[in-house]
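Just upload_32.txt here, compact mmCIF, C-alpha atoms:
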# COMPACT_ATOMS: atom_id res chain seq x y z
CA MET A 1 0.00 0.00 0.00
CA SER A 2 1.71 3.18 -1.16
CA TYR A 3 0.68 6.81 -0.87
CA GLU A 4 1.81 10.38 -0.09
CA SER A 5 0.85 12.93 2.54
CA HIS A 6 1.80 16.47 3.52
CA PHE A 7 3.29 17.28 6.92
CA GLN A 8 3.39 20.95 7.91
CA VAL A 9 5.62 22.47 10.57
CA SER A 10 2.51 24.17 11.98
CA GLY A 11 0.86 20.79 12.54
CA PHE A 12 -2.06 21.60 10.21
CA VAL A 13 -3.75 18.45 8.88
CA ASN A 14 -5.59 18.35 5.54
CA LYS A 15 -9.02 16.89 6.33
CA GLN A 16 -9.66 15.45 2.85
CA ASN A 17 -8.70 11.88 3.77
CA PHE A 18 -8.99 11.99 7.54
CA HIS A 19 -11.76 11.55 10.05
CA TYR A 20 -11.87 13.36 13.39
CA TRP A 21 -13.46 11.21 16.08
CA SER A 22 -15.13 12.53 19.22
CA GLN A 23 -18.01 11.47 21.48
CA THR A 24 -19.44 14.97 21.17
CA ASN A 25 -19.24 17.72 18.57
CA PRO A 26 -16.29 19.90 19.71
CA ARG A 27 -17.62 22.83 17.63
CA ALA A 28 -14.03 23.83 17.02
CA LEU A 29 -12.70 25.75 14.04
CA HIS A 30 -9.91 24.06 12.08
CA GLU A 31 -7.94 26.89 10.52
CA LYS A 32 -4.98 26.58 8.18
CA PRO A 33 -2.04 28.81 9.18
CA PRO A 34 -0.78 30.93 6.26
CA HIS A 35 2.61 30.19 4.67
CA SER A 36 3.37 27.17 6.84
CA GLN A 37 6.39 25.18 5.65
CA LYS A 38 5.57 21.63 4.61
CA VAL A 39 7.14 18.45 3.34
CA THR A 40 5.57 15.85 1.04
CA VAL A 41 6.18 12.35 2.36
CA ARG A 42 5.74 8.98 0.66
CA CYS A 43 5.63 5.61 2.37
CA ALA A 44 4.73 2.09 1.33
CA MET A 45 3.42 -0.20 4.05
CA SER A 46 2.74 -3.91 4.33
CA ALA A 47 2.33 -6.45 7.11
CA SER A 48 6.11 -6.94 7.00
CA GLY A 49 7.22 -3.33 7.45
CA ILE A 50 7.35 0.15 5.93
CA ILE A 51 9.45 1.43 3.05
CA GLY A 52 10.18 5.09 3.63
CA PRO A 53 9.73 7.83 4.46
CA TYR A 54 10.78 9.49 1.21
CA PHE A 55 10.68 13.29 1.06
CA PHE A 56 9.82 14.96 -2.24
CA GLU A 57 12.12 18.00 -2.26
CA ASN A 58 14.58 19.83 -4.45
CA GLU A 59 18.32 20.40 -4.02
CA VAL A 60 17.82 23.06 -1.33
CA GLY A 61 15.28 21.05 0.66
CA ASN A 62 12.06 22.73 -0.49
CA ALA A 63 8.96 20.58 -1.10
CA VAL A 64 8.20 19.89 -4.77
CA THR A 65 5.10 18.70 -6.60
CA VAL A 66 4.88 14.97 -7.28
CA ASN A 67 4.86 14.44 -11.05
CA ALA A 68 5.36 11.33 -13.18
CA ASP A 69 9.11 11.90 -13.61
CA ARG A 70 9.66 12.20 -9.86
CA TYR A 71 7.40 9.24 -9.16
CA VAL A 72 9.36 7.00 -11.53
CA GLU A 73 12.60 8.23 -9.97
CA ILE A 74 11.48 7.23 -6.48
CA LEU A 75 10.33 3.81 -7.71
CA GLN A 76 13.62 3.09 -9.42
CA ASN A 77 16.15 4.71 -7.07
CA PHE A 78 14.52 4.44 -3.64
CA PHE A 79 11.66 1.96 -3.58
CA THR A 80 13.20 -0.88 -5.61
CA PRO A 81 16.43 -1.26 -3.56
CA GLN A 82 14.46 -1.36 -0.29
CA LEU A 83 11.89 -3.76 -1.74
CA ALA A 84 14.66 -6.37 -1.96
CA CYS A 85 14.58 -6.60 1.86
CA PHE A 86 10.91 -7.68 1.90
CA PRO A 87 9.34 -11.10 1.26
CA VAL A 88 8.08 -10.38 -2.27
CA ASN A 89 6.97 -13.02 -4.78
CA GLU A 90 4.96 -13.21 -8.01
CA ASN A 91 1.71 -12.98 -6.04
CA THR A 92 2.60 -9.79 -4.15
CA LEU A 93 0.08 -7.02 -4.85
CA PHE A 94 0.95 -3.33 -5.04
CA GLN A 95 -1.73 -0.70 -4.35
CA GLN A 96 -1.51 2.98 -5.25
CA ASP A 97 -4.05 5.77 -5.56
CA GLY A 98 -5.32 7.22 -8.83
CA ALA A 99 -3.29 10.43 -8.93
CA THR A 100 -2.24 11.41 -12.45
CA SER A 101 1.44 11.23 -11.49
CA HIS A 102 0.95 7.58 -10.47
CA THR A 103 -1.18 6.47 -13.40
CA ALA A 104 0.64 8.18 -16.28
CA ARG A 105 1.95 5.77 -18.90
CA MET A 106 5.58 6.05 -17.79
CA SER A 107 4.58 5.56 -14.16
CA MET A 108 2.48 2.48 -14.88
CA ASN A 109 5.30 1.02 -16.96
CA ALA A 110 7.65 1.38 -14.00
CA VAL A 111 5.12 -0.10 -11.56
CA ASN A 112 4.29 -3.02 -13.86
CA ALA A 113 7.98 -3.79 -14.23
CA LEU A 114 8.06 -4.42 -10.47
CA PHE A 115 4.66 -6.08 -10.02
CA LEU A 116 3.61 -7.73 -13.27
CA ASN A 117 -0.16 -8.32 -13.38
CA CYS A 118 -0.43 -7.48 -9.67
CA VAL A 119 -1.13 -3.72 -9.57
CA ILE A 120 -4.20 -2.37 -7.74
CA SER A 121 -4.76 1.05 -9.26
CA LYS A 122 -6.59 3.11 -11.81
CA ASN A 123 -5.23 1.82 -15.16
CA GLY A 124 -3.92 -1.20 -13.25
CA ASP A 125 -4.78 -4.90 -13.22
CA ILE A 126 -7.29 -4.52 -10.37
CA PRO A 127 -9.43 -1.33 -10.45
CA TRP A 128 -9.50 0.76 -7.28
CA PRO A 129 -12.03 3.45 -6.27
CA PRO A 130 -10.45 6.92 -6.66
CA HIS A 131 -11.55 8.25 -3.24
CA SER A 132 -11.47 5.42 -0.72
CA PRO A 133 -9.81 6.54 2.55
CA ASN A 134 -11.87 4.00 4.52
CA LEU A 135 -10.27 1.22 2.47
CA THR A 136 -6.71 2.49 2.18
CA PRO A 137 -4.43 1.59 5.13
CA CYS A 138 -2.16 4.58 4.58
CA ASP A 139 -5.19 6.86 4.96
CA TYR A 140 -7.18 5.18 7.70
CA PHE A 141 -4.12 4.31 9.80
CA LEU A 142 -0.63 5.41 8.80
CA TRP A 143 -0.94 9.16 8.24
CA GLY A 144 -3.25 9.80 11.17
CA TYR A 145 -1.09 7.72 13.51
CA LEU A 146 2.14 9.34 12.36
CA LYS A 147 0.80 12.88 12.65
CA THR A 148 -0.46 12.20 16.16
CA GLU A 149 2.98 10.95 17.20
CA VAL A 150 5.05 13.49 15.25
CA PHE A 151 3.13 16.52 16.55
CA GLU A 152 2.88 15.33 20.15
CA THR A 153 5.85 17.63 20.67
CA LYS A 154 5.70 20.46 18.14
CA PRO A 155 8.61 20.46 15.67
CA ARG A 156 10.21 23.89 15.32
CA THR A 157 12.06 23.53 12.04
CA MET A 158 11.82 21.52 8.82
CA ALA A 159 14.87 19.50 9.83
CA ASP A 160 13.24 18.68 13.15
CA LEU A 161 9.97 17.74 11.42
CA LYS A 162 11.68 15.37 8.99
CA GLN A 163 13.70 13.75 11.76
CA ARG A 164 10.54 13.24 13.83
CA ILE A 165 8.82 11.59 10.85
CA GLN A 166 11.78 9.26 10.28
CA ASP A 167 11.96 8.32 13.97
CA GLU A 168 8.23 7.60 14.28
CA VAL A 169 8.11 5.51 11.10
CA ALA A 170 11.04 3.44 12.37
CA ALA A 171 9.32 2.99 15.75
CA ILE A 172 6.11 1.42 14.38
CA PRO A 173 6.19 -2.27 15.44
CA VAL A 174 5.55 -4.98 12.86
CA GLU A 175 2.82 -6.41 15.09
CA MET A 176 0.85 -3.18 14.68
CA LEU A 177 1.19 -3.33 10.90
CA ARG A 178 -0.07 -6.91 10.89
CA GLU A 179 -3.15 -5.87 12.86
CA VAL A 180 -3.79 -3.03 10.42
CA MET A 181 -3.60 -5.35 7.44
CA ASN A 182 -5.94 -7.83 9.13
CA GLY A 183 -8.34 -4.91 9.60
CA PHE A 184 -7.98 -4.13 5.92
CA ARG A 185 -9.59 -7.45 5.06
CA SER A 186 -12.45 -6.72 7.49
CA ARG A 187 -13.05 -3.36 5.83
CA LEU A 188 -13.18 -4.92 2.38
CA GLU A 189 -15.67 -7.52 3.59
CA GLU A 190 -17.86 -4.83 5.17
CA CYS A 191 -17.73 -2.79 1.97
CA VAL A 192 -18.93 -5.85 0.01
CA ARG A 193 -21.79 -6.36 2.49
CA ARG A 194 -22.78 -2.73 1.93
CA ASN A 195 -22.71 -3.14 -1.85
CA GLY A 196 -19.78 -0.77 -2.19
CA SER A 197 -21.22 2.12 -0.18
CA HIS A 198 -19.23 4.26 2.26
CA LEU A 199 -18.34 2.90 5.70
CA GLU A 200 -19.39 6.01 7.58
CA GLY A 201 -20.45 5.21 11.11
CA VAL A 202 -18.80 1.78 11.16
CA ILE A 203 -16.63 1.17 14.22
CA PHE A 204 -13.86 -1.35 13.72
CA LYS A 205 -12.49 -3.15 16.74
CA THR A 206 -8.86 -2.55 17.64

Give the structure from the file, written as structure tokens.
Amino acid sequence: MSYESHFQVSGFVNKQNFHYWSQTNPRALHEKPPHSQKVTVRCAMSASGIIGPYFFENEVGNAVTVNADRYVEILQNFFTPQLACFPVNENTLFQQDGATSHTARMSMNAVNALFLNCVISKNGDIPWPPHSPNLTPCDYFLWGYLKTEVFETKPRTMADLKQRIQDEVAAIPVEMLREVMNGFRSRLEECVRRNGSHLEGVIFKT
């Protein structure tokens, strides 16, 4: 399961793919601070571990937009060498979201070279809904968990933020990842029972 997310020094969290849980309505405003420095992070997670984090940035350390060229570069120069340390075989599936940078022809060629006939994606071997945070482990677990841990003590600089992200990714135990992936199956089964509808209001046991 592979995806990107933004981390801002201010601690602001984009709500597009996240849920905020509370027993009561906090009636709180969620404001985005202006001009907050951010870094774009990519990770790939499985029940065996996490590859990453990888920071999309230029030569001077500023965040850059993820395009097809940069996506292929990370697959070839960062992801592939680390993948050799994982138990991968011809039946290993690779899931990515439907962003244009991921599904461009050159990107899909690079992905298919690694996972022939085993790609879960738009334009892939197994179609995947374009907006499915309830079914994507990076969305429903990884990013929310990491941001909770990273911003428990507020980073002051970009260097501090990136170090905190690296430390927290490394600290996630494999047992936790296995539980998340087991929950992934439960979510898929519940989605089938609901004929593909959203899982809003469903509480999954921890």

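Proximity ranking of A:Ser48, A:Asn67, A:Ser5, A:Ser186 relative to Pro87 in chain A places A:Ser48 first, based on only C-alpha atoms.
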
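If only C-alpha atoms are the atoms counted, then among A:Ser2, A:Gln37, A:Ser121, A:Asn134 the closest residue to Met158 in chain A is A:Gln37.
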
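Distances here use all atoms listed in the file; by that measure, the residue among A:Leu188, A:Glu168, A:Thr65, A:Trp128 closest to Thr148 in chain A is A:Glu168.
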
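Minimum atom-to-atom distance to Phe86 in chain A, evaluated using all atoms listed in the file, belongs to A:Ser46 out of A:Asn117, A:Asn109, A:Ser46, A:Gln163.
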
Worksheet item: Which polymer residues have any atom within 10 Å of an atom of range 194-198 of chain A, counting all atoms listed in the file, with same-chain residues fewer than 5 positions away left out, as a list in words?
Response: Pro129, Ser132, Pro133, Asn134, Leu135, Leu188 and Glu189 of chain A

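Taking CA of Tyr3 in chain A and CA of Cys43 in chain A as endpoints, the distance between them is 6.0 Å.
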
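Counting only C-alpha atoms and comparing A:Phe141, A:Val60, A:Leu146, A:Leu199, the residue that lies closest to Ala170 in chain A is A:Leu146.
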
Discussion item. Counting only C-alpha atoms, I want the residues whose atoms come within 8 Å of (0.9, 0.4, 1.5) in the file frame, returned as a VMD selection string.
Written reply: chain A and resid 1 to 3 43 to 46 50 94 to 96 136 to 138

File for range 58-91 of chain A (C-alpha atoms), as a PDB file, in the first residue's frame:
ATOM      1  CA  ASN A  58      14.581  19.833  -4.455  1.00  0.00           C
ATOM      2  CA  GLU A  59      18.322  20.398  -4.016  1.00  0.00           C
ATOM      3  CA  VAL A  60      17.816  23.061  -1.332  1.00  0.00           C
ATOM      4  CA  GLY A  61      15.278  21.048   0.656  1.00  0.00           C
ATOM      5  CA  ASN A  62      12.058  22.730  -0.490  1.00  0.00           C
ATOM      6  CA  ALA A  63       8.963  20.578  -1.099  1.00  0.00           C
ATOM      7  CA  VAL A  64       8.205  19.893  -4.770  1.00  0.00           C
ATOM      8  CA  THR A  65       5.097  18.699  -6.603  1.00  0.00           C
ATOM      9  CA  VAL A  66       4.879  14.974  -7.278  1.00  0.00           C
ATOM     10  CA  ASN A  67       4.860  14.436 -11.049  1.00  0.00           C
ATOM     11  CA  ALA A  68       5.357  11.327 -13.184  1.00  0.00           C
ATOM     12  CA  ASP A  69       9.110  11.899 -13.612  1.00  0.00           C
ATOM     13  CA  ARG A  70       9.659  12.203  -9.862  1.00  0.00           C
ATOM     14  CA  TYR A  71       7.400   9.236  -9.158  1.00  0.00           C
ATOM     15  CA  VAL A  72       9.360   6.997 -11.528  1.00  0.00           C
ATOM     16  CA  GLU A  73      12.598   8.232  -9.967  1.00  0.00           C
ATOM     17  CA  ILE A  74      11.484   7.226  -6.475  1.00  0.00           C
ATOM     18  CA  LEU A  75      10.330   3.814  -7.714  1.00  0.00           C
ATOM     19  CA  GLN A  76      13.624   3.089  -9.420  1.00  0.00           C
ATOM     20  CA  ASN A  77      16.151   4.707  -7.074  1.00  0.00           C
ATOM     21  CA  PHE A  78      14.516   4.443  -3.642  1.00  0.00           C
ATOM     22  CA  PHE A  79      11.662   1.965  -3.581  1.00  0.00           C
ATOM     23  CA  THR A  80      13.204  -0.881  -5.608  1.00  0.00           C
ATOM     24  CA  PRO A  81      16.432  -1.255  -3.559  1.00  0.00           C
ATOM     25  CA  GLN A  82      14.455  -1.360  -0.295  1.00  0.00           C
ATOM     26  CA  LEU A  83      11.892  -3.763  -1.738  1.00  0.00           C
ATOM     27  CA  ALA A  84      14.663  -6.374  -1.956  1.00  0.00           C
ATOM     28  CA  CYS A  85      14.579  -6.602   1.859  1.00  0.00           C
ATOM     29  CA  PHE A  86      10.906  -7.679   1.903  1.00  0.00           C
ATOM     30  CA  PRO A  87       9.337 -11.098   1.255  1.00  0.00           C
ATOM     31  CA  VAL A  88       8.082 -10.384  -2.270  1.00  0.00           C
ATOM     32  CA  ASN A  89       6.969 -13.020  -4.781  1.00  0.00           C
ATOM     33  CA  GLU A  90       4.965 -13.214  -8.009  1.00  0.00           C
ATOM     34  CA  ASN A  91       1.712 -12.980  -6.036  1.00  0.00           C
TER      35      ASN A  91
END
